[in-house]
Every structure is written in structure tokens, then in C-alpha cells.
Amino acid sequence: MEFGMEAGIFLAYACGLLAVCFFGKILLIPLKAIGKILLNSLLGGIFLLIMNAVLGNFGIILPINAITAAVTGLLGVPGIIGIITYFVILSQL
């Protein structure tokens with residue numbers, strides 16, 4: 001084996017390693033966003049549990065599912081107000 005071949009193999013491994021690092025960093029950014037959305041949805045579900053404990057005294061029960069938890073987690077307080085308003089109006093029909 002001559003020196004040129006070994007240098008070529010070394011450069012191929014170096015380029016491959018750089019490509020893995022580059023694409024890994026590109027793929028890591030969306031994973032952080034997905035993780036943040038999932039965390040907010042989990043916190044939204046916990047907030048819905050608390051709101052059910054409080055609003056249950058007034059006869060208002062909010063369903064806890066993936067959609068209501070995601071709306072609450074992504075929109076925050078306006079989301080929970082919208083969900084409460086929706087189910088209060090829906091229960092009156």
C-alpha cells in the first residue's frame with residue numbers, strides 16, 4: 001500500500017465524519033422543536049387536570065385528550081380560555 005492510498009482513505013473518513021456531524025446538527029434542530037412541543041403539551045394536560053379540579057365544582061368538565069392538551073400547551077392561557085368557552089357553549093346546546 002502506498003502513501004497516496006492511505007491519505008485517500010483518511011480523507012474519505014474525515015469527509016464522512018464531517019458529513020455525519022453536519023447532518024446530525026441539521027436533524028437535531030427539529031428534534032429540539034418537537035421536544036418543546038411535547039413538553040408544552042404535557043404541561044397543558046397537567047393544567048387541564050388542575051382546571052378540571054377547579055371547574056368541576058361549577059359543573060364544567062373539560063375532556064383531556066391529545067388535542068386539548070396540545071391546544072393548551074401551544075397557545076397557553078388563551079388556549080385554555082378558548083377550550084373553556086367552547087365547552088361551556090357546547091354544553092348549553
# chains A, B, ... in the order shown; residues from 1 in each chain; ligands from 1
call {"tool": "residues_around", "arguments": {"residues": "segment 40-46 of chain A", "least_positions_apart": "6", "cutoff": "10 Å", "atoms": "only C-alpha atoms", "output": "PyMOL selection string"}}
result
chain A and resi 34+52+63-77+79-80
call {"tool": "select_by_dssp", "arguments": {"residues": "chain A", "states": "alpha helix (DSSP H)", "output": "ChimeraX atom specification"}}
result
/A:3-55,66-75,77-92
call {"tool": "atom_distance", "arguments": {"atom1": "atom CA of Leu28 of chain A", "atom2": "atom CA of Phe47 of chain A"}}
result
28.5 Å
call {"tool": "atom_distance", "arguments": {"atom1": "atom CA of Leu55 of chain A", "atom2": "atom CA of Ile83 of chain A"}}
result
12.4 Å
call {"tool": "closest_residue", "arguments": {"among": "A:Gly16, A:Phe10, A:Ile29, A:Ile81", "to": "Leu48 of chain A", "atoms": "only C-alpha atoms"}}
result
A:Ile81
call {"tool": "closest_residue", "arguments": {"among": "A:Val88, A:Leu38, A:Ala33, A:Leu11", "to": "Phe58 of chain A", "atoms": "only C-alpha atoms"}}
result
A:Val88
